[in-house]
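Here the structure comes first, spelled out in structure tokens, and everything after it is commentary.
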Amino acid sequence: MKHKQAGIWAIILVMILMLPACQGGAGTNMPGSGSADSASGNGQQQEGDAAKPPAEHEEQGGPASNTGASDSEEEGDPSKESGAASDPAMAAAAAQLSKMTDKEKIGQLVMVGIEGTRMDDVARKMLDSYHVGGFIFFKDNIASTSQAVTLLNELKKANASNPVPLWLSIDEEGGRVTRFPEEYVKLPSSGKVGSGNDPDVTRQVGELIGRKVGSIGINMVYAPVLDVNSNPDNPVIGDRSFGETAEEVGRQGIASMKGIQEAGVVPVVKHFPGHGDTSVDSHLGLPVVTHDIKRLHELEIAPFRKAIEQGADVVMVGHLLMTAIDEITPSSYSKAVITDLLRQELGFDGVVITDDMTMGAITKNIDAGEAAVKSILAGTNIVMIGHDYAQEEAVIQAITEAVESGVISGEVLDERVLATLALKQRYQLNDEPADMPDIERLNEDTRAVLKEIK
């Protein structure tokens with residue numbers, strides 16, 4: 001029933017947006033009307049003392065937002081409205097949204113990459129001119145711990161004039177997918193961790209991943225992988241998966257997700273609706289999955305359903321063509337996948353982010369800007385453009401033109417952004433600078449957990 005809250009939030013949002021006209025102010029009488037910068041706590045505390053998500057997050061099993069539903073969805077049960085209105089993160093986010101310009105809102109729709117190891121003029125332009133909602137960092141952005149902390153702090157300082165703190169995100173799964181320097185003891189792959197069949201250990205590893213990325217100021221990590229390793233010829237998943245059955249992957253993946261959340265970092269489960277049984281690397285081309293819908297629900301989709309039931313914050317949608325769901329449109333910009341399946345059928349009411357729109361699965365088949373607009377209309381909250389400044393600007397411009405022309409309506413824009421703002425509020429993000437972490441303490445804890453992994 002979660003997806004039915006969308007109509008409620010649209011009504012609440014409209015009422016909040018009308019407050020300035022009714023009260024002669026800017027909605028400042030709403031509970032939690034301050035910006036995310038003024039939220040209590042420090043979302044970027046030192047390693048070992050990271051802020052956990054508020055207790056209400058764990059009690060409710062994830063954010064109360066639902067911004068991806070289509071305009072035609074029926075309104076939710078009015079009896080649920082009082083419970084929804086009691087969510088302080090959502091109330092603060094709605095008040096914050098009411099004060100933002102369209103350009104600032106559009107910025108929250110994108111996650112961009114940065115070139116090099118220091119902030120350059122183009123990265124500054126992304127903040128000053130486009131008000132981007134966050135950055136993704138790759139191996140070539142992180143030369144050392146001290147350099148990485150300096151870079152992230154530079155970006156946060158440059159974002160000070162913007163009303164919303166930044167997502168600072170990274171791929172850090174353990175095993176072969178790591179972006180961190182040699183100063184940190186490496187964590188094993190998810191396949192190695194999952195082979196132990198001990199969710200408690202997996203949860204500890206997840207918490208270590210969260211502490212590791214949080215130690216330099218990262219607040220979002222693209223993990224855990226919930227793809228089932230059902231195809232030994234898969235060129236991209238393999239030991240990134242926790243196992244070969246939906247049950248294994250669901251149990252271990254949720255344990256990892258919970259551990260990351262406990263470290264005060266936002267986990268992103270991926271790659272919905274399931275990249276495990278593919279023979280094409282989506283970095284290079286578009287994988288096609290032809291299994292029937294019964295098989296997809298039993299294997300590929302099952303771990304995501306369980307994660308959603310257990311409070312997933314963010315779902316990454318991969319670049320896949322699943323013909324049983326949508327014969328024409330890749331999942332990353334398919335309404336049938338994002339709204340009909342993920343939002344409505346599975347009841348996910350959190351944040352949806354795409355995989356990188358500069359991957360071959362997209363660029364070899366469609367203009368990235370066009371795909372980004374289609375993705376937002378399909379129900380996505382954040383579009384990732386991880387490489388190439390020219391491509392990043394082109395995508396932002398395409399989204400801007402879609403908003404200005406009404407292709408993306410004001411209502412849809414507000415709905416998509418509201419979920420992101422609420423999640424930033426819920427995790428108490430801010431742009432305060434991070435201190436240098438205690439790497440040795442983290443390494444000692446990592447070595448202790450490694451002894452438990454057979």
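By order in the structure tokens, chains are A, B, ...; within a chain, residues start at 1; ligands start at 1, following the order shown.
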
Any idea what's packed within 8 Å of Lys306 of chain A, counting only C-alpha atoms, ignoring anything in its chain fewer than 4 positions away? Could you give it as a ChimeraX atom specification?
/A:250,254,302,310

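Neighbours of segment 288-299 of chain A closer than or equal to 7 Å, with only C-alpha atoms counted and sequence neighbours fewer than 4 positions away skipped, come out as Ala246, Thr278, Leu320, Leu321, Met322, Thr323 and Ala324 of chain A.
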
Nearest to Pro273 of chain A by atom-to-atom distance, counting only C-alpha atoms, from A:Ser241, A:Ser256, A:Ser169, A:Ser332
A:Ser332

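Nearest residue to Asn365 of chain A among A:Ala390, A:Leu286, A:Val249, A:Leu97 is A:Leu286, counting only C-alpha atoms.
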
Out of segment 87-316 of chain A, which residues get strand (DSSP E or B) from DSSP, as number ranges by chain?
A: 110-113, 134-137, 167-170, 174, 177, 220-221, 225, 266-272, 288-289, 314-316
